[in-house]
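One file, start11.tsv, is given below (TSV, C-alpha atoms).
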```
chain	number	residue	atom	x	y	z
A	1	MET	CA	-32.60	16.03	5.20
A	2	SER	CA	-34.59	13.08	6.58
A	3	ASP	CA	-36.48	10.79	4.23
A	4	GLN	CA	-38.55	9.22	6.96
A	5	GLY	CA	-42.06	8.62	5.74
A	6	HIS	CA	-41.05	9.09	2.11
A	7	GLY	CA	-40.02	6.50	-0.34
A	8	HIS	CA	-37.69	8.89	-2.18
A	9	HIS	CA	-35.48	11.98	-1.73
A	10	HIS	CA	-36.54	15.29	-3.13
A	11	PRO	CA	-34.79	18.63	-2.91
A	12	ALA	CA	-36.02	21.13	-0.33
A	13	PRO	CA	-38.17	23.85	-1.88
A	14	PRO	CA	-36.21	27.08	-2.37
A	15	SER	CA	-36.20	29.35	0.67
A	16	ALA	CA	-37.62	32.88	0.55
A	17	ILE	CA	-34.16	34.39	0.15
A	18	GLU	CA	-33.29	31.97	-2.66
A	19	ARG	CA	-36.50	32.91	-4.45
A	20	ARG	CA	-35.70	36.61	-4.11
A	21	VAL	CA	-32.19	36.14	-5.48
A	22	ALA	CA	-33.51	34.08	-8.39
A	23	ALA	CA	-36.17	36.73	-9.08
A	24	LEU	CA	-33.68	39.57	-9.33
A	25	GLU	CA	-31.26	37.44	-11.34
A	26	SER	CA	-33.90	36.46	-13.89
A	27	LEU	CA	-35.22	40.02	-14.31
A	28	LEU	CA	-31.72	41.42	-14.78
A	29	THR	CA	-30.86	38.60	-17.19
A	30	GLU	CA	-33.98	39.42	-19.27
A	31	ARG	CA	-32.68	42.97	-19.54
A	32	GLY	CA	-29.27	41.78	-20.72
A	33	LEU	CA	-27.48	42.96	-17.59
A	34	VAL	CA	-25.96	39.61	-16.55
A	35	PRO	CA	-23.11	38.69	-18.91
A	36	ASP	CA	-22.73	34.97	-19.62
A	37	GLY	CA	-20.50	33.33	-17.04
A	38	PHE	CA	-20.05	36.49	-14.94
A	39	ILE	CA	-21.48	35.08	-11.72
A	40	GLU	CA	-19.62	31.78	-12.05
A	41	ASP	CA	-16.36	33.55	-12.86
A	42	VAL	CA	-16.48	35.97	-9.92
A	43	THR	CA	-17.45	33.14	-7.58
A	44	ARG	CA	-14.61	30.93	-8.76
A	45	ARG	CA	-12.05	33.72	-8.39
A	46	TYR	CA	-13.02	34.49	-4.79
A	47	GLU	CA	-13.27	30.80	-3.91
A	48	SER	CA	-9.89	29.79	-5.30
A	49	GLU	CA	-7.64	32.65	-6.42
A	50	ILE	CA	-8.20	35.64	-4.14
A	51	GLY	CA	-7.89	34.80	-0.47
A	52	PRO	CA	-5.70	34.76	2.62
A	53	MET	CA	-3.11	32.59	0.89
A	54	ASN	CA	-2.08	35.79	-0.91
A	55	GLY	CA	-1.63	37.76	2.30
A	56	ALA	CA	0.30	34.83	3.77
A	57	LYS	CA	2.86	35.14	0.98
A	58	VAL	CA	3.26	38.86	1.74
A	59	VAL	CA	3.79	38.13	5.43
A	60	ALA	CA	6.30	35.32	4.78
A	61	ARG	CA	8.27	37.57	2.43
A	62	ALA	CA	8.36	40.31	5.09
A	63	TRP	CA	9.62	37.80	7.67
A	64	THR	CA	12.48	36.63	5.46
A	65	ASP	CA	13.49	39.81	3.63
A	66	PRO	CA	14.15	42.84	5.88
A	67	GLU	CA	14.36	45.21	2.90
A	68	TYR	CA	10.97	44.02	1.67
A	69	LYS	CA	9.50	44.49	5.14
A	70	LYS	CA	10.77	48.06	5.21
A	71	ARG	CA	9.12	48.79	1.85
A	72	LEU	CA	5.91	47.01	2.93
A	73	LEU	CA	5.52	49.15	6.04
A	74	ALA	CA	6.32	52.32	4.08
A	75	ASP	CA	4.07	51.67	1.05
A	76	GLY	CA	1.72	48.73	1.41
A	77	ALA	CA	0.01	48.72	-1.98
A	78	ALA	CA	3.23	49.05	-4.02
A	79	SER	CA	5.02	46.32	-2.05
A	80	ILE	CA	2.04	43.98	-2.22
A	81	ALA	CA	1.93	44.59	-5.98
A	82	GLU	CA	5.55	43.32	-6.17
A	83	LEU	CA	4.12	39.88	-5.37
A	84	GLY	CA	1.43	40.27	-8.02
A	85	PHE	CA	-1.54	41.18	-5.80
A	86	GLY	CA	-3.74	44.24	-6.22
A	87	GLY	CA	-7.08	45.49	-7.49
A	88	ALA	CA	-10.40	46.46	-5.93
A	89	GLU	CA	-10.22	47.29	-2.21
A	90	GLY	CA	-6.43	47.14	-2.29
A	91	GLY	CA	-5.45	50.45	-3.90
A	92	HIS	CA	-4.37	52.12	-0.68
A	93	MET	CA	-2.95	49.60	1.78
A	94	VAL	CA	-1.44	50.24	5.18
A	95	VAL	CA	0.38	47.36	6.86
A	96	VAL	CA	0.57	47.51	10.67
A	97	GLU	CA	3.19	45.46	12.49
A	98	ASN	CA	2.65	43.47	15.66
A	99	THR	CA	5.51	43.47	18.18
A	100	ASP	CA	5.96	42.22	21.73
A	101	ALA	CA	4.66	45.60	22.91
A	102	VAL	CA	1.88	46.36	20.40
A	103	HIS	CA	-0.99	44.30	19.01
A	104	ASN	CA	-2.99	45.52	16.00
A	105	VAL	CA	-6.52	44.50	15.01
A	106	VAL	CA	-8.74	45.59	12.11
A	107	VAL	CA	-12.50	46.25	12.01
A	108	CYS	CA	-15.01	48.13	9.87
A	109	THR	CA	-17.72	49.48	12.17
A	110	LEU	CA	-19.78	51.04	9.35
A	111	CYS	CA	-19.89	48.17	6.86
A	112	SER	CA	-17.44	45.45	5.83
A	113	CYS	CA	-14.31	47.12	4.39
A	114	TYR	CA	-11.58	44.52	4.01
A	115	PRO	CA	-8.41	44.16	1.92
A	116	TRP	CA	-9.76	41.85	-0.81
A	117	PRO	CA	-6.54	41.32	-2.84
A	118	VAL	CA	-4.65	39.90	0.15
A	119	LEU	CA	-7.41	38.38	2.30
A	120	GLY	CA	-10.27	37.70	-0.14
A	121	LEU	CA	-13.84	38.29	1.01
A	122	PRO	CA	-14.42	38.79	4.74
A	123	PRO	CA	-15.76	35.98	6.92
A	124	ALA	CA	-19.36	36.33	8.15
A	125	TRP	CA	-18.40	37.17	11.75
A	126	TYR	CA	-16.32	40.15	10.56
A	127	LYS	CA	-19.45	41.67	8.96
A	128	ASP	CA	-21.89	40.84	11.74
A	129	ALA	CA	-23.01	43.27	14.44
A	130	PRO	CA	-21.22	41.83	17.51
A	131	TYR	CA	-17.71	42.14	16.08
A	132	ARG	CA	-18.31	45.60	14.58
A	133	ALA	CA	-19.94	46.93	17.75
A	134	ARG	CA	-17.51	45.52	20.28
A	135	MET	CA	-14.04	45.63	18.75
A	136	VAL	CA	-13.76	49.40	19.15
A	137	ARG	CA	-15.23	49.42	22.64
A	138	GLU	CA	-13.71	46.47	24.50
A	139	PRO	CA	-11.03	44.99	22.25
A	140	ARG	CA	-9.01	43.36	25.03
A	141	LYS	CA	-12.05	41.46	26.29
A	142	LEU	CA	-13.30	40.55	22.83
A	143	LEU	CA	-9.87	39.35	21.68
A	144	ALA	CA	-9.61	37.13	24.76
A	145	GLU	CA	-13.08	35.71	24.03
A	146	MET	CA	-11.94	34.92	20.51
A	147	GLY	CA	-8.92	33.04	21.85
A	148	CYS	CA	-6.36	35.84	21.63
A	149	GLU	CA	-5.46	36.60	25.22
A	150	LEU	CA	-2.94	39.44	25.47
A	151	PRO	CA	-0.70	40.37	28.38
A	152	ALA	CA	-2.17	43.36	30.26
A	153	GLU	CA	0.85	45.47	29.32
A	154	THR	CA	0.45	44.86	25.58
A	155	GLU	CA	-0.85	48.00	23.91
A	156	ILE	CA	-3.78	47.48	21.54
A	157	GLN	CA	-4.22	49.48	18.35
A	158	VAL	CA	-7.62	49.07	16.69
A	159	TRP	CA	-7.94	50.21	13.06
A	160	ASP	CA	-11.47	51.14	11.92
A	161	SER	CA	-11.42	51.07	8.09
A	162	SER	CA	-13.79	54.00	7.72
A	163	ALA	CA	-12.35	55.70	4.62
A	164	GLU	CA	-10.27	54.51	1.65
A	165	VAL	CA	-7.33	52.80	3.36
A	166	ARG	CA	-7.48	49.03	3.89
A	167	TYR	CA	-5.36	47.43	6.62
A	168	LEU	CA	-3.30	44.26	6.85
A	169	VAL	CA	-1.77	43.14	10.15
A	170	LEU	CA	1.80	41.83	9.94
A	171	PRO	CA	1.85	39.15	12.64
A	172	GLN	CA	5.00	38.27	14.57
A	173	ARG	CA	7.02	35.38	13.25
A	174	PRO	CA	6.45	32.41	15.56
A	175	PRO	CA	9.40	31.16	17.59
A	176	GLY	CA	11.17	28.02	16.42
A	177	THR	CA	10.82	28.78	12.70
A	178	ASP	CA	14.39	29.93	12.03
A	179	GLY	CA	15.28	27.28	9.50
A	180	MET	CA	12.03	27.43	7.57
A	181	ALA	CA	11.80	28.46	3.93
A	182	GLU	CA	9.50	31.26	2.79
A	183	THR	CA	6.88	28.92	1.30
A	184	GLU	CA	6.82	26.84	4.47
A	185	LEU	CA	6.42	29.98	6.57
A	186	ALA	CA	3.52	31.14	4.41
A	187	GLY	CA	1.73	27.93	5.39
A	188	LEU	CA	1.77	29.02	9.03
A	189	VAL	CA	0.04	32.36	8.44
A	190	THR	CA	-3.69	32.35	9.12
A	191	ARG	CA	-6.40	34.73	8.00
A	192	ASP	CA	-7.22	35.54	11.61
A	193	SER	CA	-3.61	36.54	12.35
A	194	MET	CA	-3.74	39.04	9.47
A	195	ILE	CA	-7.02	40.55	10.73
A	196	GLY	CA	-5.45	40.64	14.17
A	197	VAL	CA	-7.83	38.38	16.10
A	198	ALA	CA	-5.15	35.72	16.59
A	199	ARG	CA	-1.42	35.52	17.24
A	200	LEU	CA	0.74	32.80	15.72
B	1	MET	CA	-39.50	57.80	11.31
B	2	HIS	CA	-35.91	58.91	11.14
B	3	VAL	CA	-33.27	56.40	12.20
B	4	ASP	CA	-29.74	57.64	12.56
B	5	GLY	CA	-28.11	54.76	10.69
B	6	ILE	CA	-28.50	51.26	12.11
B	7	HIS	CA	-25.31	50.29	10.27
B	8	ASP	CA	-23.28	52.64	12.50
B	9	LEU	CA	-22.55	49.94	15.06
B	10	GLY	CA	-19.28	51.00	16.68
B	11	GLY	CA	-19.61	50.80	20.48
B	12	MET	CA	-23.26	49.67	20.53
B	13	GLN	CA	-23.83	47.40	23.52
B	14	GLY	CA	-25.76	44.20	24.05
B	15	PHE	CA	-24.78	42.05	21.08
B	16	GLY	CA	-23.05	39.19	22.89
B	17	ALA	CA	-20.52	36.75	21.50
B	18	VAL	CA	-18.95	36.86	18.05
B	19	ALA	CA	-19.85	33.72	16.11
B	20	HIS	CA	-16.23	33.18	15.22
B	21	ALA	CA	-14.87	30.20	13.33
B	22	PRO	CA	-11.24	30.15	12.19
B	23	ASP	CA	-12.22	28.50	8.91
B	24	GLU	CA	-15.42	29.13	7.09
B	25	PRO	CA	-16.31	28.89	3.41
B	26	VAL	CA	-16.18	32.02	1.26
B	27	PHE	CA	-19.87	31.51	0.47
B	28	HIS	CA	-22.07	29.48	2.81
B	29	GLN	CA	-24.81	28.99	0.24
B	30	PRO	CA	-24.75	29.33	-3.55
B	31	TRP	CA	-27.27	32.20	-3.41
B	32	GLU	CA	-24.77	34.35	-1.47
B	33	ALA	CA	-22.36	34.36	-4.41
B	34	VAL	CA	-25.20	35.25	-6.79
B	35	ALA	CA	-26.44	38.08	-4.54
B	36	ARG	CA	-22.93	39.50	-4.32
B	37	ALA	CA	-22.46	39.37	-8.09
B	38	LEU	CA	-25.87	40.97	-8.72
B	39	LEU	CA	-25.03	43.98	-6.58
B	40	VAL	CA	-21.77	44.46	-8.49
B	41	LEU	CA	-23.72	44.31	-11.78
B	42	VAL	CA	-26.48	46.67	-10.66
B	43	ALA	CA	-24.08	49.20	-9.10
B	44	ASP	CA	-22.18	49.17	-12.39
B	45	ALA	CA	-25.30	49.46	-14.55
B	46	VAL	CA	-26.66	52.46	-12.62
B	47	GLU	CA	-23.18	53.98	-12.11
B	48	ALA	CA	-23.66	54.14	-8.36
B	49	SER	CA	-20.89	55.89	-6.46
B	50	GLY	CA	-19.40	54.18	-3.42
B	51	GLY	CA	-21.49	56.48	-1.26
B	52	GLU	CA	-24.76	55.71	-3.02
B	53	PHE	CA	-23.93	51.99	-2.97
B	54	ARG	CA	-23.31	51.97	0.80
B	55	HIS	CA	-26.29	54.21	1.53
B	56	SER	CA	-28.59	51.75	-0.27
B	57	ILE	CA	-27.66	49.17	2.40
B	58	GLU	CA	-27.82	51.67	5.26
B	59	ARG	CA	-31.42	52.60	4.41
B	60	MET	CA	-32.64	49.07	5.19
B	61	ASP	CA	-35.32	48.75	7.84
B	62	PRO	CA	-33.33	48.54	11.10
B	63	GLY	CA	-35.01	45.32	12.21
B	64	HIS	CA	-34.35	43.69	8.85
B	65	TYR	CA	-30.73	44.92	8.89
B	66	LEU	CA	-29.95	43.40	12.27
B	67	THR	CA	-31.67	40.08	11.61
B	68	SER	CA	-30.37	39.31	8.13
B	69	SER	CA	-26.99	38.15	6.89
B	70	TYR	CA	-24.59	40.40	5.05
B	71	TYR	CA	-25.38	38.92	1.66
B	72	GLU	CA	-29.08	39.53	2.28
B	73	HIS	CA	-28.06	43.17	2.81
B	74	TRP	CA	-26.34	43.06	-0.57
B	75	LEU	CA	-29.38	41.53	-2.27
B	76	THR	CA	-31.66	44.15	-0.72
B	77	ALA	CA	-29.33	46.92	-1.87
B	78	ALA	CA	-29.11	45.49	-5.40
B	79	ALA	CA	-32.90	45.29	-5.69
B	80	THR	CA	-33.36	48.75	-4.17
B	81	LEU	CA	-30.92	50.39	-6.59
B	82	ALA	CA	-32.44	48.47	-9.50
B	83	VAL	CA	-35.93	49.75	-8.61
B	84	GLU	CA	-34.80	53.33	-7.87
B	85	HIS	CA	-32.99	53.55	-11.21
B	86	GLY	CA	-35.86	52.02	-13.17
B	87	LEU	CA	-34.24	48.73	-14.17
B	88	VAL	CA	-37.06	46.70	-12.61
B	89	THR	CA	-40.21	47.40	-10.61
B	90	ARG	CA	-41.06	46.20	-7.16
B	91	SER	CA	-44.16	44.40	-8.41
B	92	GLU	CA	-42.08	42.52	-11.01
B	93	LEU	CA	-39.72	41.45	-8.24
B	94	GLU	CA	-42.52	40.28	-5.97
B	95	ALA	CA	-44.28	38.45	-8.79
B	96	ALA	CA	-41.05	36.66	-9.77
B	97	ALA	CA	-40.22	35.82	-6.15
B	98	GLY	CA	-43.76	34.66	-5.40
B	99	GLY	CA	-43.90	36.75	-2.24
B	100	PRO	CA	-42.77	39.92	-0.52
B	101	PHE	CA	-39.45	41.46	-1.54
B	102	PRO	CA	-38.37	43.92	1.17
B	103	LEU	CA	-36.44	46.92	-0.14
B	104	SER	CA	-34.51	49.66	1.64
B	105	GLY	CA	-36.36	52.79	2.70
B	106	PRO	CA	-36.31	56.02	0.69
B	107	VAL	CA	-33.48	58.54	0.74
B	108	THR	CA	-34.46	61.20	3.28
B	109	ALA	CA	-31.56	63.62	2.79
B	110	PRO	CA	-32.02	66.35	0.17
B	111	PRO	CA	-29.86	66.10	-2.96
B	112	VAL	CA	-26.57	68.01	-2.76
B	113	ARG	CA	-26.91	70.90	-5.22
B	114	ASP	CA	-23.61	72.61	-4.52
B	115	ALA	CA	-20.76	70.56	-3.13
B	116	GLY	CA	-18.51	73.54	-2.48
B	117	PRO	CA	-14.84	73.75	-3.39
B	118	ASP	CA	-12.38	70.87	-3.23
B	119	VAL	CA	-9.82	70.90	-0.43
B	120	ALA	CA	-6.56	70.45	-2.31
B	121	GLU	CA	-4.13	70.90	0.57
B	122	PRO	CA	-4.32	68.96	3.85
B	123	ARG	CA	-5.30	71.27	6.73
B	124	PHE	CA	-3.67	68.97	9.25
B	125	ALA	CA	-0.38	67.14	9.63
B	126	ALA	CA	0.67	64.16	11.72
B	127	GLY	CA	0.74	65.20	15.37
B	128	ASP	CA	-2.02	67.82	15.08
B	129	LEU	CA	-4.70	67.77	17.77
B	130	VAL	CA	-8.20	67.61	16.32
B	131	ARG	CA	-11.80	67.29	17.45
B	132	VAL	CA	-14.45	65.52	15.38
B	133	ARG	CA	-17.40	67.73	14.49
B	134	GLU	CA	-20.46	67.06	16.63
B	135	TRP	CA	-23.20	66.87	14.05
B	136	HIS	CA	-25.82	64.49	12.75
B	137	PRO	CA	-26.17	64.69	8.98
B	138	PRO	CA	-29.45	63.28	7.63
B	139	GLY	CA	-27.90	61.21	4.82
B	140	HIS	CA	-24.83	59.09	4.22
B	141	THR	CA	-21.60	59.79	6.05
B	142	ARG	CA	-18.44	57.89	6.87
B	143	CYS	CA	-17.99	59.65	10.17
B	144	PRO	CA	-18.91	57.05	12.81
B	145	ARG	CA	-21.16	58.32	15.59
B	146	TYR	CA	-18.84	57.03	18.32
B	147	VAL	CA	-16.11	59.55	17.50
B	148	ARG	CA	-18.27	62.66	17.02
B	149	GLY	CA	-17.29	65.39	19.43
B	150	LYS	CA	-14.24	63.40	20.55
B	151	ASP	CA	-10.63	64.55	20.72
B	152	GLY	CA	-7.94	62.75	18.77
B	153	VAL	CA	-4.51	63.13	17.22
B	154	VAL	CA	-3.76	62.96	13.50
B	155	THR	CA	-1.29	60.14	12.87
B	156	ARG	CA	-1.26	59.92	9.08
B	157	VAL	CA	-2.31	62.00	6.10
B	158	ASP	CA	-3.64	59.86	3.26
B	159	GLY	CA	-4.72	60.74	-0.26
B	160	ILE	CA	-7.40	63.11	-1.54
B	161	TYR	CA	-10.72	61.38	-2.06
B	162	SER	CA	-14.32	62.11	-3.02
B	163	VAL	CA	-16.40	62.93	0.07
B	164	PRO	CA	-18.99	60.14	0.54
B	165	ASP	CA	-21.54	62.50	2.14
B	166	VAL	CA	-21.66	64.42	-1.15
B	167	GLU	CA	-21.38	61.62	-3.69
B	168	ALA	CA	-24.18	59.59	-2.08
B	169	HIS	CA	-26.68	62.36	-2.80
B	170	GLY	CA	-26.41	63.38	-6.43
B	171	THR	CA	-23.92	63.99	-9.16
B	172	GLU	CA	-21.96	66.72	-7.37
B	173	ARG	CA	-18.52	65.80	-6.03
B	174	ARG	CA	-16.10	67.35	-3.56
B	175	ARG	CA	-12.62	66.01	-2.94
B	176	GLU	CA	-10.78	66.31	0.36
B	177	PRO	CA	-7.80	64.79	2.15
B	178	THR	CA	-8.42	61.98	4.59
B	179	TYR	CA	-6.50	61.44	7.81
B	180	SER	CA	-6.00	58.60	10.21
B	181	VAL	CA	-6.95	59.96	13.64
B	182	ARG	CA	-5.97	58.20	16.84
B	183	PHE	CA	-8.34	58.21	19.84
B	184	ASP	CA	-7.52	56.98	23.31
B	185	ALA	CA	-10.22	54.41	24.13
B	186	ASP	CA	-10.70	56.06	27.51
B	187	GLU	CA	-11.57	59.34	25.75
B	188	LEU	CA	-14.19	57.49	23.70
B	189	TRP	CA	-15.78	55.40	26.45
B	190	ARG	CA	-14.74	56.99	29.79
B	191	ASP	CA	-14.39	53.53	31.27
B	192	GLY	CA	-10.83	53.71	32.51
B	193	GLN	CA	-9.34	51.26	30.05
B	194	ARG	CA	-5.63	51.78	29.49
B	195	GLY	CA	-3.28	51.13	26.61
B	196	VAL	CA	-6.03	50.88	24.01
B	197	PHE	CA	-6.17	53.18	21.00
B	198	VAL	CA	-8.70	53.31	18.18
B	199	HIS	CA	-7.73	54.76	14.80
B	200	VAL	CA	-10.50	56.09	12.57
B	201	ASP	CA	-9.95	57.38	9.04
B	202	LEU	CA	-11.78	60.67	8.52
B	203	TRP	CA	-12.35	63.22	5.77
B	204	ASP	CA	-11.10	66.78	6.27
B	205	SER	CA	-14.56	68.35	6.76
B	206	TYR	CA	-15.33	65.98	9.65
B	207	LEU	CA	-12.58	67.61	11.72
B	208	GLU	CA	-11.90	70.82	13.64
B	209	ARG	CA	-8.62	72.05	15.04
B	210	ARG	CA	-8.29	72.20	18.82
```

Translate the structure described by the file into structure tokens.
Amino acid sequence: MSDQGHGHHHPAPPSAIERRVAALESLLTERGLVPDGFIEDVTRRYESEIGPMNGAKVVARAWTDPEYKKRLLADGAASIAELGFGGAEGGHMVVVENTDAVHNVVVCTLCSCYPWPVLGLPPAWYKDAPYRARMVREPRKLLAEMGCELPAETEIQVWDSSAEVRYLVLPQRPPGTDGMAETELAGLVTRDSMIGVARL
Amino acid sequence: MHVDGIHDLGGMQGFGAVAHAPDEPVFHQPWEAVARALLVLVADAVEASGGEFRHSIERMDPGHYLTSSYYEHWLTAAATLAVEHGLVTRSELEAAAGGPFPLSGPVTAPPVRDAGPDVAEPRFAAGDLVRVREWHPPGHTRCPRYVRGKDGVVTRVDGIYSVPDVEAHGTERRREPTYSVRFDADELWRDGQRGVFVHVDLWDSYLERR
């Protein structure tokens, strides 16, 4: 990014990976396999419409409506669809509830399975080797390293998304939020709390 | 060389800290979004099943797999499927990229010629004691290595789904129930940890009664 020694800025040459992506894109485009606007449209949807703000609404509804919470824990996908969320990687949802006694955390040791309609695309660390290798082997230690220290007596349930079900953690409602409205509550819910690597 | 799935990372030791950040962008670089979209387009164009799609990533060279980002995995898979299904050639890719274009290795498992009958009724119910089959299939599977041969308890019966081991290797299909199976972490790792349970979702044919 430095222009020392140059009288002008010029863009960095494309990296090897950028050249490979461009190569495949241009060859597929020549063959008519890349519809106009497809890449931009998918990118925009995952950057602004499909993300953890959707899951936060589900969680806030469950905190404020006991009947909804009951339905959510019994049939995740149908109850999430009540709020208008669904689609790829969300067809069979199981919602697991944190309590004082039990903490839930989600991983995909084999690839990167993740509940797209409620959380969007997974963060890089969720897909990288250290998280996938360690969360099933030493979850208490790894959670503490990630800032989620649990009392020794708290039971830990790890969910490895190895088949068709996708998991959403229902975090505990934080203390001191009794008077808050549902939309305000949704603002408190983080992505990490719905993966289970943080408590609120 | 036969590698038993570098992607099968559960329990592998020596990786160190998770590079965790509470907030990170959906895509770190514009090319990541393009790579992701290209794999969706290629998988669609060649009508890849979920199993074939995942196996195209799993066949990456192990060193390349561990040292590249997830979206580089997706790009490699997209290019591999595109070459294997005749949409493009490797030399076209390398010419257009102006350099090497690493692809995943070949499929080593034989094609499935006869998938056998569907399993229409769940063999197990919640509470049943099961053991995961101890076997090492040569191709794609969704049975993680770290639970093979281990004892667990069925906690949930889910739907009936196409078996990935079959659909990754040809046009045959077999459908079976899947179950969520709970393992005590101490049964998995024999390290004395208490109050830790790992749930793994498994197809019917991965399990035996005990």

Sorted by chain and rising residue number, which residues of chain B lie within 6 Å of chain A, and what are their closest atom pairs and distances in Å to one decimal, counting all atoms listed in the file, as a tab-separated table?
```
residue	atom	partner	partner_atom	distance
B:His7	CA	A:Leu110	CA	5.7
B:Asp8	CA	A:Leu110	CA	5.0
B:Leu9	CA	A:Ala133	CA	4.8
B:Gly10	CA	A:Ala133	CA	4.3
B:Gly11	CA	A:Ala133	CA	4.7
B:Met12	CA	A:Ala133	CA	5.1
B:Phe15	CA	A:Pro130	CA	5.0
B:Val18	CA	A:Pro130	CA	5.5
B:Ala19	CA	A:Trp125	CA	5.7
B:His20	CA	A:Trp125	CA	5.7
B:Ala33	CA	A:Thr43	CA	6.0
B:Ala37	CA	A:Ile39	CA	5.7
B:Leu93	CA	A:Ala23	CA	6.0
B:Ala96	CA	A:Ala23	CA	4.9
B:Ala97	CA	A:Arg19	CA	5.0
B:Gly195	CA	A:Glu155	CA	4.8
B:Val196	CA	A:Ile156	CA	4.8
B:Phe197	CA	A:Gln157	CA	5.0
B:Val198	CA	A:Val158	CA	4.6
B:His199	CA	A:Trp159	CA	4.9
B:Val200	CA	A:Asp160	CA	5.1
B:Asp201	CA	A:Ser162	CA	5.3
```

Find the residue from A:Asp36, A:Glu30, A:Asp65, A:Glu49 that sits nearest to A:Ala181; use all atoms listed in the file when measuring.
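So, comparing all the options, the nearest one is A:Asp65.
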
I want to know what sits within 12 Å of A:Pro175, based on all atoms listed in the file, with residues of the same chain fewer than 4 positions away left out; could you give that as an MDAnalysis selection string?
chainID A and resid 63 179:180 185 188 199:200

Skip stretch 40-52 of chain B itself and residues of its chain fewer than 4 positions away, then list as a list in words all residues within 7 Å of it, counting all atoms listed in the file.
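That gives Arg36, Ser56, Ala78, Ala82, His85, His140, Pro164, Asp165, Glu167, Ala168 and His169 of chain B.
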
Grab the atom CA of A:Leu83 to atom CA of A:Leu168 distance for me, in Å with one decimal place.
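Atom-to-atom, atom CA of A:Leu83 to atom CA of A:Leu168, that is 15.0 Å.
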
Counting all atoms listed in the file, write as a PyMOL selection string all protein and nucleic acid residues lying at most 7 Å from (6.4, 37.6, 18.5) in the file's frame.
chain A and resi 99-100+172-174

Between atom CA of B:Pro111 and atom CA of B:Gly139, what is the distance, to one decimal in Å?
9.4 Å

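From atom CA of B:Leu188 back to atom CA of B:His136, the distance works out to 17.4 Å.
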
Kindly provide, as lines of an AutoDock Vina configuration file, the centre and edge lengths (Å, one decimal) of an axis-aligned box around all atoms of stretch 20-25 of chain B given in the file, with 8 Å on each side.
```
center_x = -13.8
center_y = 30.8
center_z = 9.3
size_x = 21.1
size_y = 20.7
size_z = 27.8
```

Go through B:Leu129, B:Val88, B:Leu103, B:Leu207 one by one, measure the shortest atom-to-atom distance of each to B:Val153 using all atoms listed in the file, and give the residue with the smallest value.
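Looking at the shortest contact to B:Val153, the residue is B:Leu129.
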
What's the 12 Å shell around B:Val163, counting only C-alpha atoms, without same-chain residues fewer than 2 positions away, as an MDAnalysis selection string?
(chainID A and resid 163:164) or (chainID B and resid 49:52 112 115:119 140:143 159:161 165:178 202:206)

Generate the output file for the selected residues, C-alpha atoms, as a PDB file, in the frame of the given file.
```pdb
ATOM      1  CA  ALA A 163     -12.350  55.700   4.620  1.00  0.00           C
ATOM      2  CA  GLU A 164     -10.270  54.510   1.650  1.00  0.00           C
TER       3      GLU A 164
ATOM      4  CA  SER B  49     -20.890  55.890  -6.460  1.00  0.00           C
ATOM      5  CA  GLY B  50     -19.400  54.180  -3.420  1.00  0.00           C
ATOM      6  CA  GLY B  51     -21.490  56.480  -1.260  1.00  0.00           C
ATOM      7  CA  GLU B  52     -24.760  55.710  -3.020  1.00  0.00           C
ATOM      8  CA  VAL B 112     -26.570  68.010  -2.760  1.00  0.00           C
ATOM      9  CA  ALA B 115     -20.760  70.560  -3.130  1.00  0.00           C
ATOM     10  CA  GLY B 116     -18.510  73.540  -2.480  1.00  0.00           C
ATOM     11  CA  PRO B 117     -14.840  73.750  -3.390  1.00  0.00           C
ATOM     12  CA  ASP B 118     -12.380  70.870  -3.230  1.00  0.00           C
ATOM     13  CA  VAL B 119      -9.820  70.900  -0.430  1.00  0.00           C
ATOM     14  CA  HIS B 140     -24.830  59.090   4.220  1.00  0.00           C
ATOM     15  CA  THR B 141     -21.600  59.790   6.050  1.00  0.00           C
ATOM     16  CA  ARG B 142     -18.440  57.890   6.870  1.00  0.00           C
ATOM     17  CA  CYS B 143     -17.990  59.650  10.170  1.00  0.00           C
ATOM     18  CA  GLY B 159      -4.720  60.740  -0.260  1.00  0.00           C
ATOM     19  CA  ILE B 160      -7.400  63.110  -1.540  1.00  0.00           C
ATOM     20  CA  TYR B 161     -10.720  61.380  -2.060  1.00  0.00           C
ATOM     21  CA  ASP B 165     -21.540  62.500   2.140  1.00  0.00           C
ATOM     22  CA  VAL B 166     -21.660  64.420  -1.150  1.00  0.00           C
ATOM     23  CA  GLU B 167     -21.380  61.620  -3.690  1.00  0.00           C
ATOM     24  CA  ALA B 168     -24.180  59.590  -2.080  1.00  0.00           C
ATOM     25  CA  HIS B 169     -26.680  62.360  -2.800  1.00  0.00           C
ATOM     26  CA  GLY B 170     -26.410  63.380  -6.430  1.00  0.00           C
ATOM     27  CA  THR B 171     -23.920  63.990  -9.160  1.00  0.00           C
ATOM     28  CA  GLU B 172     -21.960  66.720  -7.370  1.00  0.00           C
ATOM     29  CA  ARG B 173     -18.520  65.800  -6.030  1.00  0.00           C
ATOM     30  CA  ARG B 174     -16.100  67.350  -3.560  1.00  0.00           C
ATOM     31  CA  ARG B 175     -12.620  66.010  -2.940  1.00  0.00           C
ATOM     32  CA  GLU B 176     -10.780  66.310   0.360  1.00  0.00           C
ATOM     33  CA  PRO B 177      -7.800  64.790   2.150  1.00  0.00           C
ATOM     34  CA  THR B 178      -8.420  61.980   4.590  1.00  0.00           C
ATOM     35  CA  LEU B 202     -11.780  60.670   8.520  1.00  0.00           C
ATOM     36  CA  TRP B 203     -12.350  63.220   5.770  1.00  0.00           C
ATOM     37  CA  ASP B 204     -11.100  66.780   6.270  1.00  0.00           C
ATOM     38  CA  SER B 205     -14.560  68.350   6.760  1.00  0.00           C
ATOM     39  CA  TYR B 206     -15.330  65.980   9.650  1.00  0.00           C
TER      40      TYR B 206
END
```
